Structures are given as structure tokens and as C-alpha cells.
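Engineer: As input, take query_8.csv (CSV, C-alpha atoms and all ligand atoms):
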```csv
chain,number,residue,atom,x,y,z
B,742,MET,CA,-93.9,-63.7,116.8
B,743,ASP,CA,-92.1,-64.1,120.1
B,744,LYS,CA,-90.4,-61.1,121.6
B,745,PRO,CA,-86.6,-61.6,121.8
B,746,THR,CA,-85.7,-62.3,125.4
B,747,GLY,CA,-82.9,-61.2,127.6
B,748,ALA,CA,-80.0,-58.8,126.8
B,749,PRO,CA,-78.8,-58.4,123.2
B,750,VAL,CA,-76.1,-60.9,122.3
B,751,ALA,CA,-73.1,-60.1,120.1
B,752,GLY,CA,-73.1,-62.1,116.9
B,753,ARG,CA,-76.8,-62.7,117.1
B,754,ASP,CA,-78.5,-59.4,117.8
B,755,TYR,CA,-75.7,-57.0,116.8
B,756,PRO,CA,-72.5,-57.2,114.7
B,757,SER,CA,-69.4,-57.3,116.8
B,758,ASP,CA,-67.0,-55.5,114.4
B,759,ILE,CA,-66.8,-53.8,111.0
B,760,ALA,CA,-66.2,-57.0,109.2
B,761,LYS,CA,-69.5,-58.4,110.6
B,762,VAL,CA,-71.3,-55.1,109.7
B,763,ARG,CA,-70.2,-55.7,106.1
B,764,SER,CA,-71.0,-59.4,106.0
B,765,TRP,CA,-74.4,-59.1,107.7
B,766,PHE,CA,-75.5,-56.0,105.7
B,767,PRO,CA,-74.0,-56.4,102.1
B,768,THR,CA,-77.2,-55.1,100.5
B,769,ASP,CA,-79.9,-52.5,101.2
B,770,ALA,CA,-82.4,-55.3,101.6
B,771,ALA,CA,-80.4,-56.8,104.5
B,772,CYS,CA,-80.1,-53.3,106.2
B,773,LEU,CA,-83.9,-52.8,105.7
B,774,ASP,CA,-84.7,-56.2,107.3
B,775,TYR,CA,-82.5,-55.3,110.3
B,776,LEU,CA,-84.3,-52.0,110.7
B,777,ASP,CA,-87.6,-53.8,110.4
B,778,TRP,CA,-86.6,-56.2,113.2
B,779,LEU,CA,-85.4,-53.3,115.4
B,780,ARG,CA,-88.6,-51.3,114.8
B,781,TRP,CA,-91.0,-54.1,115.3
B,782,PRO,CA,-89.3,-56.8,117.5
B,783,CYS,CA,-92.6,-58.5,118.1
B,784,GLY,CA,-93.8,-58.1,114.5
B,785,PHE,CA,-95.4,-55.3,112.5
B,786,ILE,CA,-97.7,-52.8,114.3
B,787,CYS,CA,-99.5,-50.3,112.2
B,788,PRO,CA,-98.4,-46.7,113.1
B,789,HIS,CA,-101.8,-45.4,112.1
B,790,CYS,CA,-104.2,-47.8,113.9
B,791,ALA,CA,-102.0,-50.0,116.0
B,792,SER,CA,-103.3,-53.2,114.3
B,793,ALA,CA,-100.9,-56.1,114.0
B,794,GLU,CA,-102.7,-57.5,110.9
B,795,ALA,CA,-100.8,-56.7,107.7
B,796,GLY,CA,-99.8,-58.1,104.4
B,797,ARG,CA,-96.6,-57.5,102.5
B,798,GLU,CA,-96.8,-55.7,99.1
B,799,ALA,CA,-94.4,-56.5,96.2
B,800,THR,CA,-92.6,-53.3,97.0
B,801,GLY,CA,-91.7,-54.7,100.4
B,802,ARG,CA,-94.1,-52.3,102.2
B,803,TYR,CA,-96.7,-53.5,104.7
B,804,ARG,CA,-100.3,-53.0,104.0
B,805,CYS,CA,-102.5,-52.8,107.1
B,806,ARG,CA,-105.5,-55.1,106.9
B,807,LYS,CA,-107.5,-52.8,109.2
B,808,CYS,CA,-107.0,-49.3,107.9
B,809,ASP,CA,-105.6,-50.3,104.4
B,810,LYS,CA,-102.6,-47.9,104.7
B,811,GLN,CA,-99.3,-48.7,103.2
B,812,VAL,CA,-96.3,-48.5,105.6
B,813,SER,CA,-92.6,-48.8,104.8
B,814,VAL,CA,-90.1,-49.8,107.4
B,815,THR,CA,-88.4,-46.4,107.1
B,816,ALA,CA,-91.6,-44.3,107.1
B,817,GLY,CA,-91.6,-41.8,109.9
B,818,THR,CA,-87.9,-42.5,110.8
B,819,ILE,CA,-84.7,-40.6,110.0
B,820,PHE,CA,-84.3,-42.8,106.9
B,821,HIS,CA,-87.6,-41.7,105.4
B,822,ARG,CA,-87.2,-40.9,101.7
B,823,THR,CA,-83.4,-40.9,102.0
B,824,ARG,CA,-81.6,-41.0,98.6
B,825,THR,CA,-78.5,-42.4,100.3
B,826,PRO,CA,-78.4,-46.2,100.3
B,827,LEU,CA,-78.9,-47.9,103.7
B,828,THR,CA,-75.5,-49.7,103.3
B,829,VAL,CA,-73.9,-46.2,103.4
B,830,TRP,CA,-76.1,-45.1,106.4
B,831,PHE,CA,-75.0,-48.3,108.3
B,832,GLU,CA,-71.3,-47.5,107.7
B,833,ALA,CA,-71.8,-43.9,108.8
B,834,THR,CA,-73.6,-45.2,111.9
B,835,TRP,CA,-70.7,-47.5,112.7
B,836,LEU,CA,-68.3,-44.5,112.3
B,837,MET,CA,-70.5,-42.6,114.7
B,838,THR,CA,-70.1,-45.2,117.4
B,839,ALA,CA,-66.3,-44.8,117.6
B,840,PRO,CA,-65.5,-44.9,121.3
B,841,LYS,CA,-63.6,-41.7,121.8
B,842,MET,CA,-63.9,-38.8,119.4
B,843,GLY,CA,-66.7,-37.9,117.0
B,844,VAL,CA,-66.7,-38.1,113.3
B,845,SER,CA,-66.9,-35.1,111.0
B,846,ALA,CA,-68.9,-34.6,107.9
B,847,SER,CA,-65.8,-34.0,105.8
B,848,HIS,CA,-64.4,-37.3,107.0
B,849,VAL,CA,-67.6,-39.2,106.1
B,850,HIS,CA,-67.6,-37.4,102.7
B,851,ARG,CA,-64.1,-38.5,102.1
B,852,VAL,CA,-64.4,-42.2,103.1
B,853,LEU,CA,-68.0,-43.1,102.1
B,854,PRO,CA,-69.6,-42.8,98.7
B,855,VAL,CA,-72.0,-40.0,99.6
B,856,SER,CA,-73.2,-37.6,96.9
B,857,SER,CA,-71.9,-34.4,98.6
B,858,TYR,CA,-70.6,-32.8,101.8
B,859,GLN,CA,-74.1,-31.6,102.5
B,860,THR,CA,-75.4,-35.1,102.4
B,861,ALA,CA,-72.8,-36.3,104.8
B,862,TRP,CA,-73.5,-33.4,107.1
B,863,THR,CA,-77.3,-34.1,107.0
B,864,MET,CA,-76.8,-37.8,107.8
B,865,LEU,CA,-74.6,-37.0,110.8
B,866,THR,CA,-76.9,-34.3,112.1
B,867,LYS,CA,-79.9,-36.7,111.9
B,868,LEU,CA,-77.9,-39.4,113.8
B,869,ARG,CA,-76.9,-36.8,116.4
B,870,GLN,CA,-80.5,-35.8,116.9
B,871,VAL,CA,-81.4,-39.4,117.8
B,872,MET,CA,-78.6,-39.4,120.3
B,873,SER,CA,-80.5,-36.8,122.4
B,874,THR,CA,-80.8,-37.9,126.0
B,875,THR,CA,-84.4,-36.7,126.6
B,876,ASP,CA,-85.7,-40.3,126.9
B,877,SER,CA,-83.1,-41.6,129.4
B,878,GLN,CA,-83.2,-41.8,133.1
B,879,PRO,CA,-82.2,-38.7,135.1
B,880,LEU,CA,-78.9,-38.7,137.1
B,881,THR,CA,-79.0,-40.0,140.7
B,882,GLY,CA,-76.8,-40.2,143.8
B,883,ARG,CA,-74.1,-37.5,144.2
B,884,VAL,CA,-74.0,-35.2,141.2
B,885,GLU,CA,-71.4,-32.5,140.5
B,886,ILE,CA,-72.8,-29.5,138.5
B,887,ASP,CA,-71.1,-26.4,137.0
B,888,GLU,CA,-71.3,-24.2,134.0
B,889,THR,CA,-68.7,-23.3,131.3
B,890,PHE,CA,-68.5,-21.0,128.3
B,891,PHE,CA,-68.2,-22.3,124.7
B,892,GLY,CA,-67.1,-20.0,122.0
B,893,GLY,CA,-64.4,-18.9,119.6
B,894,PRO,CA,-61.9,-16.2,120.2
B,895,ARG,CA,-64.7,-13.6,120.4
B,896,PRO,CA,-63.8,-11.1,123.2
B,897,GLY,CA,-66.1,-11.2,126.2
B,898,VAL,CA,-66.2,-10.2,129.8
B,899,ALA,CA,-64.7,-12.9,131.9
B,900,GLY,CA,-66.9,-14.9,134.3
B,901,ARG,CA,-70.6,-15.6,134.3
B,902,GLY,CA,-71.5,-12.4,132.4
B,903,ALA,CA,-69.3,-13.0,129.3
B,904,ALA,CA,-70.9,-11.6,126.2
B,905,GLY,CA,-71.0,-13.3,122.8
B,906,LYS,CA,-70.4,-16.8,124.1
B,907,THR,CA,-72.6,-19.8,124.8
B,908,LEU,CA,-73.1,-21.0,128.3
B,909,VAL,CA,-73.3,-24.8,128.9
B,910,ALA,CA,-74.3,-26.5,132.1
B,911,GLY,CA,-72.8,-29.9,132.9
B,912,ALA,CA,-73.7,-32.5,135.5
B,913,ILE,CA,-72.0,-35.8,136.3
B,914,GLU,CA,-72.6,-38.6,138.8
B,915,ILE,CA,-69.7,-39.3,141.2
B,916,ASP,CA,-69.3,-42.1,143.6
B,917,ASP,CA,-66.5,-44.0,145.3
B,918,HIS,CA,-65.8,-45.9,142.2
B,919,GLY,CA,-65.4,-42.9,139.9
B,920,TRP,CA,-67.7,-41.3,137.5
B,921,GLY,CA,-71.1,-42.4,136.3
B,922,ARG,CA,-73.3,-40.8,133.6
B,923,ALA,CA,-73.3,-37.2,132.5
B,924,ARG,CA,-75.5,-34.5,131.0
B,925,LEU,CA,-74.7,-31.3,129.1
B,926,ALA,CA,-77.0,-28.6,127.9
B,927,VAL,CA,-76.9,-25.1,126.4
B,928,ILE,CA,-78.5,-22.7,128.9
B,929,ASN,CA,-79.6,-19.1,128.4
B,930,ASP,CA,-77.8,-17.7,131.4
B,931,ALA,CA,-76.6,-18.6,134.9
B,932,SER,CA,-79.8,-17.4,136.6
B,933,ALA,CA,-81.6,-19.6,139.2
B,934,LYS,CA,-84.5,-20.1,136.6
B,935,SER,CA,-82.2,-21.4,133.9
B,936,LEU,CA,-80.2,-23.6,136.3
B,937,ARG,CA,-83.4,-24.9,137.9
B,938,ALA,CA,-84.7,-26.0,134.4
B,939,PHE,CA,-81.4,-27.8,133.6
B,940,ILE,CA,-81.4,-29.5,137.0
B,941,THR,CA,-85.0,-30.7,137.0
B,942,ASP,CA,-84.6,-32.0,133.4
B,943,ASN,CA,-81.5,-34.0,134.2
B,944,VAL,CA,-81.2,-34.8,137.9
B,945,ALA,CA,-83.6,-37.1,139.8
B,946,PRO,CA,-85.3,-35.6,142.9
B,947,GLY,CA,-83.5,-36.7,146.1
B,948,ALA,CA,-80.1,-36.5,144.5
B,949,THR,CA,-77.3,-34.6,146.3
B,950,VAL,CA,-75.9,-31.8,144.2
B,951,VAL,CA,-72.3,-30.5,144.6
B,952,SER,CA,-71.8,-27.1,143.1
B,953,ASP,CA,-69.8,-23.9,143.7
B,954,ALA,CA,-71.2,-21.2,145.9
B,955,TRP,CA,-72.7,-19.2,143.0
B,956,ARG,CA,-75.8,-17.4,144.3
B,957,SER,CA,-78.2,-18.9,141.8
B,958,TYR,CA,-77.7,-22.4,143.1
B,959,PRO,CA,-79.5,-22.3,146.5
B,960,PRO,CA,-82.8,-21.0,144.9
B,961,ALA,CA,-82.4,-23.4,141.9
B,962,LEU,CA,-81.9,-26.4,144.1
B,963,GLY,CA,-85.2,-26.5,146.2
B,964,GLY,CA,-86.0,-30.1,146.8
B,965,TYR,CA,-82.5,-31.3,146.3
B,966,GLU,CA,-79.8,-31.8,148.9
B,967,HIS,CA,-77.1,-29.2,148.2
B,968,VAL,CA,-73.4,-29.3,149.0
B,969,PRO,CA,-72.0,-25.9,148.0
B,970,VAL,CA,-68.2,-25.6,147.8
B,971,ASN,CA,-66.8,-22.1,148.1
B,972,VAL,CA,-64.1,-22.1,145.3
B,973,SER,CA,-62.5,-18.8,146.2
B,974,ALA,CA,-62.5,-19.5,149.9
B,975,SER,CA,-60.9,-22.9,149.2
B,976,GLY,CA,-57.9,-21.2,147.6
B,977,LYS,CA,-57.9,-23.9,144.9
B,978,PRO,CA,-58.8,-23.6,141.2
B,979,ALA,CA,-62.3,-24.7,140.2
B,980,HIS,CA,-61.0,-27.7,138.4
B,981,GLU,CA,-59.6,-29.1,141.6
B,982,VAL,CA,-62.7,-28.3,143.7
B,983,LEU,CA,-65.1,-29.8,141.2
B,984,PRO,CA,-62.8,-32.1,139.3
B,985,ALA,CA,-65.3,-34.4,137.6
B,986,VAL,CA,-67.4,-31.8,135.9
B,987,HIS,CA,-64.3,-29.9,134.8
B,988,ARG,CA,-62.7,-33.0,133.3
B,989,LEU,CA,-66.0,-33.5,131.5
B,990,PHE,CA,-65.9,-29.9,130.1
B,991,ALA,CA,-62.3,-30.3,129.0
B,992,GLN,CA,-63.2,-33.6,127.1
B,993,VAL,CA,-66.2,-32.2,125.3
B,994,LYS,CA,-64.4,-29.0,124.3
B,995,ARG,CA,-61.6,-31.1,122.9
B,996,MET,CA,-64.2,-33.0,120.8
B,997,VAL,CA,-66.1,-30.0,119.6
B,998,GLU,CA,-63.0,-27.9,118.9
B,999,GLY,CA,-60.9,-30.8,117.6
B,1000,THR,CA,-63.2,-33.0,115.5
B,1001,TYR,CA,-65.3,-30.2,114.2
B,1002,GLN,CA,-62.7,-27.5,114.2
B,1003,GLY,CA,-65.2,-25.2,115.9
B,1004,SER,CA,-67.7,-25.7,113.1
B,1005,GLY,CA,-70.2,-26.8,115.7
B,1006,SER,CA,-70.4,-23.3,116.9
B,1007,VAL,CA,-73.6,-22.2,118.6
B,1008,GLY,CA,-76.3,-23.3,116.2
B,1009,HIS,CA,-75.7,-27.0,116.5
B,1010,LEU,CA,-73.8,-27.1,119.8
B,1011,GLN,CA,-76.6,-28.9,121.6
B,1012,GLU,CA,-76.4,-31.7,119.1
B,1013,TYR,CA,-72.7,-32.0,119.5
B,1014,LEU,CA,-73.2,-32.1,123.3
B,1015,ASP,CA,-75.8,-34.8,122.9
B,1016,GLU,CA,-73.5,-36.8,120.7
B,1017,PHE,CA,-70.7,-36.5,123.3
B,1018,VAL,CA,-73.0,-37.5,126.2
B,1019,PHE,CA,-74.4,-40.5,124.2
B,1020,ARG,CA,-70.8,-41.8,123.7
B,1021,PHE,CA,-69.6,-40.8,127.2
B,1022,ASN,CA,-72.4,-42.6,128.9
B,1023,ARG,CA,-71.6,-45.7,127.0
B,1024,ARG,CA,-67.9,-45.5,127.4
B,1025,HIS,CA,-67.8,-48.8,129.5
B,1026,SER,CA,-69.8,-50.7,126.9
B,1027,ARG,CA,-67.5,-53.5,125.9
B,1028,HIS,CA,-69.3,-53.8,122.6
B,1029,ARG,CA,-69.2,-51.1,120.0
B,1030,GLY,CA,-71.8,-53.2,118.1
B,1031,LEU,CA,-74.3,-52.9,120.9
B,1032,VAL,CA,-73.9,-49.1,120.7
B,1033,PHE,CA,-74.5,-49.4,116.9
B,1034,MET,CA,-77.6,-51.4,117.5
B,1035,ARG,CA,-78.9,-48.9,120.2
B,1036,LEU,CA,-78.3,-46.0,117.8
B,1037,LEU,CA,-80.2,-47.7,115.0
B,1038,GLN,CA,-83.0,-48.6,117.4
B,1039,ARG,CA,-83.4,-44.9,118.3
B,1040,ALA,CA,-83.1,-44.0,114.6
B,1041,VAL,CA,-86.1,-46.1,113.6
B,1042,ALA,CA,-88.1,-44.7,116.5
B,1043,ALA,CA,-87.5,-41.0,115.7
B,1044,ALA,CA,-89.5,-38.6,113.6
B,1045,PRO,CA,-87.9,-37.7,110.2
B,1046,VAL,CA,-86.1,-34.4,109.8
B,1047,GLY,CA,-85.3,-32.8,106.5
B,1048,TYR,CA,-82.1,-30.9,105.6
B,1049,ARG,CA,-84.0,-27.6,105.4
B,1050,ASP,CA,-85.4,-28.1,108.9
B,1051,LEU,CA,-81.9,-28.8,110.1
B,1052,VAL,CA,-80.4,-25.7,108.5
B,1053,ARG,CA,-83.4,-23.6,109.7
B,1054,ALA,CA,-82.7,-24.8,113.2
B,1055,SER,CA,-79.2,-23.5,112.9
B,1056,ARG,CA,-78.5,-19.9,114.0
B,1057,VAL,CA,-75.1,-19.9,112.6
B,1058,LYS,CA,-74.1,-21.0,109.1
B,1059,GLU,CA,-72.1,-24.2,109.2
B,1060,LYS,CA,-68.5,-23.6,108.3
B,1061,ARG,CA,-67.5,-26.1,105.6
B,1062,PRO,CA,-63.9,-27.1,105.0
B,1063,PRO,CA,-62.5,-25.7,101.7
B,1064,GLY,CA,-62.5,-28.0,98.7
B,1065,VAL,CA,-65.4,-30.3,99.7
B,1066,VAL,CA,-68.4,-28.3,98.5
B,1067,GLY,CA,-68.5,-29.9,95.1
B,1068,PRO,CA,-71.5,-30.5,92.9
B,1069,ARG,CA,-73.9,-33.2,94.0
B,1070,ARG,CA,-73.1,-36.6,92.6
B,1071,ARG,CA,-75.4,-39.6,92.4
B,1072,PRO,CA,-75.3,-41.3,95.8
B,1073,GLY,CA,-73.0,-44.3,95.6
B,1074,SER,CA,-73.8,-47.6,97.3
B,1075,LEU,CA,-71.8,-49.9,99.4
B,1076,GLU,CA,-73.8,-52.9,98.2
B,1077,VAL,CA,-71.4,-55.7,97.8
B,1078,VAL,CA,-71.4,-57.7,94.5
B,1079,PRO,CA,-68.8,-60.4,95.0
B,1080,GLU,CA,-66.1,-60.0,92.4
B,1081,LYS,CA,-64.1,-62.9,91.0
B,1082,ARG,CA,-60.4,-62.0,91.7
B,1083,PRO,CA,-60.1,-59.1,89.2
B,1084,TRP,CA,-56.3,-59.2,89.7
B,1085,ARG,CA,-56.3,-62.6,88.2
B,1086,ALA,CA,-58.7,-61.8,85.4
B,1087,ALA,CA,-56.1,-61.9,82.6
B,1088,GLU,CA,-54.7,-65.2,83.7
B,1089,ASP,CA,-58.1,-66.8,84.2
B,1090,ARG,CA,-59.1,-65.6,80.7
B,1091,ASP,CA,-56.0,-67.0,79.2
B,1092,SER,CA,-56.4,-70.4,80.9
B,1093,GLY,CA,-60.1,-70.5,80.0
B,1094,THR,CA,-61.3,-70.9,83.6
L,1,ZN,ZN,-103.6,-49.6,110.2
```
Could you write out this structure as C-alpha cells?
Structural biologist:
Amino acid sequence: MDKPTGAPVAGRDYPSDIAKVRSWFPTDAACLDYLDWLRWPCGFICPHCASAEAGREATGRYRCRKCDKQVSVTAGTIFHRTRTPLTVWFEATWLMTAPKMGVSASHVHRVLPVSSYQTAWTMLTKLRQVMSTTDSQPLTGRVEIDETFFGGPRPGVAGRGAAGKTLVAGAIEIDDHGWGRARLAVINDASAKSLRAFITDNVAPGATVVSDAWRSYPPALGGYEHVPVNVSASGKPAHEVLPAVHRLFAQVKRMVEGTYQGSGSVGHLQEYLDEFVFRFNRRHSRHRGLVFMRLLQRAVAAAPVGYRDLVRASRVKEKRPPGVVGPRRRPGSLEVVPEKRPWRAAEDRDSGT
């Protein structure tokens, strides 16, 4: 099979709007075929032995001709053994690609036929995990860096020693045209060691880092060009001296505190930050459908995570909105069975058509 060439095209490689999502993917089989195409654009490759020789079982699974193992399209991905129909997953993924704000589990539970709030929360958490930036290119050029505290109304000492809050480091590319890509990460403290780890993970060597005059920056920035700005000596507030990174902090706080009503506290904060960054770094993408395709592409490349693993990873119990923690229902499907004008059923019956 030939590898698809060139950049993805709207209307051929990805759906351009929600109407197309529904007409391209009316059944789970159609969703599965799209995931198959995204996972193996050049045709099936056995994940066990890398052989390309395979047959298709009646169940739709591949059977490798070399190692004789059966492989389903969703095996080893976030959709592995999901009880939720793929049509529902695709709609949730589309909601996740909304350009500005995030989508909450209670919203998904309300608008999609998922069996419980817990199911909606698990789906979104899995999608958020594939939004992680670990595989993307580090920031380059001129990069503004600062830290900020996240946390509820818990009292803490002001400044870099504040107790009981979570410290987040942010970095954003700036040039004459405006802002480029960004990164956000939870860090243990504002020590040179923690900042060094954040910077080497996220900023390419040779970049110029603009920061405030905090004493940890010079030792953290060995190998980088450093432009320290003394905020207190400037007589201006930090958001004027380092405007880009502070606007970034304001936006992400609005998302975490608005969309999730603070429910993303501590335990899953990194995932919310990853989700924000994924969306922020694609804010100029003219096509939401392309973002949808990229997210599904990552989803079929990721290792599966179970609900228990997700909860275990959380240090803080997720706050659930009241009235949505009902019993589990059977998962509903969004499979479309065309109906024949039910509002005319009585007339049609009477006229014998
Ligand atoms: Zn094999």
C-alpha cells in the first residue's frame, strides 16, 4: 500500500466539521477503519514481530502470518477493551478539540450517551494523556520563562515559598510577530535543579531565555543565553516585564478554574496543563478537523491506561459535581440507523406508503 503523501487534506484525510464527523463515522465499524488507517497508514505492521504479512479474521482482527498472534486495531491503544462505542469516543474527541476552552466530564456525561460520569471522566483523562507534549520539538529562539502558583483558597506564604500550593513553570516563544509555542509543567520547587530539569526538557540548547532575576535562574541556565530582567528594579509589575508568560498563566488558570471548577486540583493538574498546551500550540490551526485527526493519531499510538491506574495516579480525589454520580447504565451508542420521518409515521401509515 502506498503511503499517503503530502499534508493532510480536509474532506479527504480528516472531517471538516461535526456534520462530516457524523456522516463519515455513522457506525463503530467506520470509526474502527479510520483508526486502522491512522495507526497503519502504510498497511498493517505486527506490533509483536514487525511483520507486514497478515490475514483478516472474521472478527475483524488481523492474524500475523509470521508469529500467528491476533491483533485488533485498538489493542495497545487508549481504546483497548473500551465498553464505550467508538462513535461516542469520536464525538468526545471532537468536543476535546474545541479551540478555546476545555470540556468537562460533567458536560460530556450530559451531552453524550456514556454510562456514567466516571466513564466520561476516564475518557477525557485518557485523551488528555495523549495530548502530552513529550514527543514534540523543544522551544527555540527567544523564550520567556517564569513560575506561578496554582491552588485553591488554601492559605500560604506569599512568593516562591508558598506552602500548600502547586508550583507551575511556564515557557513561551516570543518573536517580532507575537507568540509561538508554549510549555507548562508542575515543578517541585523553584530551585535551580527543578528549573534546570524543566528548561532542558522543554527548551532547545542555544535558545535565549528571558526570565526575572530570581537567583535560581543563572545556575539553571548553563548552556543557554540568559536575559535576566530585574522586576523589582524595573518598578513595573511582573506581568508587564514578562507579559507573554503571564498572559499564558492567566489563560490556563481561567481554563482550569472555569471549565473544571477547580476539580483539576493537584492530582491531575499536569494533564490539564498538557491539554491546554496542546490546544494553545494549535490555536492558529485553521482546521479543527486536523486537530481531531492528530489527537486520534496520538490516541492509537499510546499505551492503554485503565481507570484504576488513572485514579491511583491522582493524589487528590476528583471532585464530582452533585447529581451526576448515578448508577452505571449500559453504554449508549451514537450509531446512526436512518429513520424514516417518524413525525410523518401516522400519515404514511394511513396513506399506505
Ligand atoms: Zn507478528
Engineer: Residues of segment 836-940 of chain B that approach segment 819-830 of chain B to 9 Å or less, counting all atoms listed in the file: could you list each one with the shortest pair of atoms and its distance in Å to one decimal, rows by chain and increasing residue number, as CSV?
Structural biologist:
```
residue,atom,partner,partner_atom,distance
B:Leu853,CA,B:Val829,CA,6.8
B:Pro854,CA,B:Val829,CA,7.2
B:Val855,CA,B:Thr825,CA,7.0
B:Ser856,CA,B:Thr825,CA,7.9
B:Thr860,CA,B:Thr825,CA,8.2
B:Met864,CA,B:Trp830,CA,7.5
B:Lys867,CA,B:Ile819,CA,6.5
B:Leu868,CA,B:Ile819,CA,7.9
B:Val871,CA,B:Ile819,CA,8.6
```
Engineer: Go through B:Ala1087, B:Leu865, B:Val986, B:Ala931 and flag the residue nearest His1009 of chain B, using all atoms listed in the file for the distances.
Structural biologist: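 Answer, going by the shortest atom-to-atom distance: B:Leu865.
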Engineer: List as a PyMOL selection string the protein and nucleic acid residues lying within 6 Å of ligand ZN 1 (chain L), with only C-alpha atoms and all ligand atoms counted.
Structural biologist: chain B and resi 787+789-790+792+805+807-808+810
Engineer: Which distance in Å separates atom CA of Asp916 of chain B and atom CA of Thr889 of chain B, to one decimal?
Structural biologist: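 That distance, rounded to one decimal, is 22.5 Å.
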Engineer: Which residues, written as a PyMOL selection string, have at least one atom at most 12 Å from Arg922 of chain B, with all atoms listed in the file counted and residues fewer than 5 positions away on the same chain left out?
Structural biologist: chain B and resi 874+877-885+911-916+943-944+985-986+989+1017-1025
Engineer: Near Ser952 of chain B, counting all atoms listed in the file, which residues have an atom at most 7 Å away, once you skip same-chain residues fewer than 3 positions from it, shown as a VMD selection string?
Structural biologist: chain B and resid 885 to 887 968 to 970
Engineer: Take the point (-82.2, -48.5, 118.3) in the file's coordinates, draw a sphere of radius 12 Å around it, and report as a JSON list (two decimals) with C-alpha atoms, in the coordinates of the input every protein, DNA or RNA residue with an atom inside or on it, counting all atoms listed in the file.
Structural biologist:
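Result file selection_1.json:
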```
[["chain", "number", "residue", "atom", "x", "y", "z"],
["B", 749, "PRO", "CA", -78.80, -58.40, 123.20],
["B", 754, "ASP", "CA", -78.50, -59.40, 117.80],
["B", 755, "TYR", "CA", -75.70, -57.00, 116.80],
["B", 775, "TYR", "CA", -82.50, -55.30, 110.30],
["B", 776, "LEU", "CA", -84.30, -52.00, 110.70],
["B", 777, "ASP", "CA", -87.60, -53.80, 110.40],
["B", 778, "TRP", "CA", -86.60, -56.20, 113.20],
["B", 779, "LEU", "CA", -85.40, -53.30, 115.40],
["B", 780, "ARG", "CA", -88.60, -51.30, 114.80],
["B", 781, "TRP", "CA", -91.00, -54.10, 115.30],
["B", 782, "PRO", "CA", -89.30, -56.80, 117.50],
["B", 818, "THR", "CA", -87.90, -42.50, 110.80],
["B", 819, "ILE", "CA", -84.70, -40.60, 110.00],
["B", 834, "THR", "CA", -73.60, -45.20, 111.90],
["B", 868, "LEU", "CA", -77.90, -39.40, 113.80],
["B", 871, "VAL", "CA", -81.40, -39.40, 117.80],
["B", 872, "MET", "CA", -78.60, -39.40, 120.30],
["B", 1030, "GLY", "CA", -71.80, -53.20, 118.10],
["B", 1031, "LEU", "CA", -74.30, -52.90, 120.90],
["B", 1032, "VAL", "CA", -73.90, -49.10, 120.70],
["B", 1033, "PHE", "CA", -74.50, -49.40, 116.90],
["B", 1034, "MET", "CA", -77.60, -51.40, 117.50],
["B", 1035, "ARG", "CA", -78.90, -48.90, 120.20],
["B", 1036, "LEU", "CA", -78.30, -46.00, 117.80],
["B", 1037, "LEU", "CA", -80.20, -47.70, 115.00],
["B", 1038, "GLN", "CA", -83.00, -48.60, 117.40],
["B", 1039, "ARG", "CA", -83.40, -44.90, 118.30],
["B", 1040, "ALA", "CA", -83.10, -44.00, 114.60],
["B", 1041, "VAL", "CA", -86.10, -46.10, 113.60],
["B", 1042, "ALA", "CA", -88.10, -44.70, 116.50],
["B", 1043, "ALA", "CA", -87.50, -41.00, 115.70]]
```
Engineer: Using all atoms listed in the file, collect all residues at a distance of at most 7 Å from (-79.0, -31.4, 143.7) as written in the file, then present them as number ranges by chain.
Structural biologist: B: 884, 948-951, 962, 965-967
Engineer: In Å, with one decimal, what is the gap from atom CA of Leu773 of chain B to atom CA of Ala816 of chain B?
Structural biologist: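 Interatomic distance, atom CA of Leu773 of chain B to atom CA of Ala816 of chain B: 11.6 Å.
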Engineer: Between B:Ser935, B:Ser813, B:Ser1074, B:Ser975, single out the one closest to Pro960 of chain B, counting only C-alpha atoms.
Structural biologist: B:Ser935
Engineer: Calculate how many Å separate atom CA of Val909 of chain B from atom CA of Leu925 of chain B, rounding to one decimal.
Structural biologist: 6.7 Å
Engineer: So, counting all atoms listed in the file, which residue among B:Glu1076, B:Asp942, B:Glu798, B:Glu832 is closest to Asp758 of chain B?
Structural biologist: B:Glu832
Engineer: I need the residue nearest Glu888 of chain B from this list: B:Ala923, B:Ala1086, B:Leu1075, B:Ile928. Use only C-alpha atoms for the distance.
Structural biologist: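 Closest residue, counting only C-alpha atoms: B:Ile928.
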Engineer: Find the residues around Gly801 of chain B up to 12 Å (all atoms listed in the file counted), leave out those fewer than 2 positions away in its own chain, and share them as JSON, numbers by chain.
Structural biologist: {"B": [770, 773, 774, 777, 795, 796, 797, 798, 799, 803, 804, 811, 812, 813, 814, 815]}
Engineer: Contacts of Val927 of chain B at 12 Å or less, counting all atoms listed in the file, minus same-chain residues fewer than 6 places along, as a VMD selection string?
Structural biologist: chain B and resid 888 to 892 906 to 911 935 to 936 938 to 939 1006 to 1015
Engineer: For Ser845 of chain B, which residue out of B:Gly999, B:Pro767, B:Gly964, B:Pro946 is the nearest one, using all atoms listed in the file?
Structural biologist: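 Distance minimum relative to Ser845 of chain B lands on B:Gly999.
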Engineer: Hey, can I get the axis-aligned box for segment 956-968 of chain B? All listed atoms, 6 Å padding on each side, centre and edge lengths in Å to one decimal, as JSON.
Structural biologist:
```
{"center_x": -79.7, "center_y": -24.6, "center_z": 145.4, "size_x": 24.6, "size_y": 26.4, "size_z": 19.2}
```
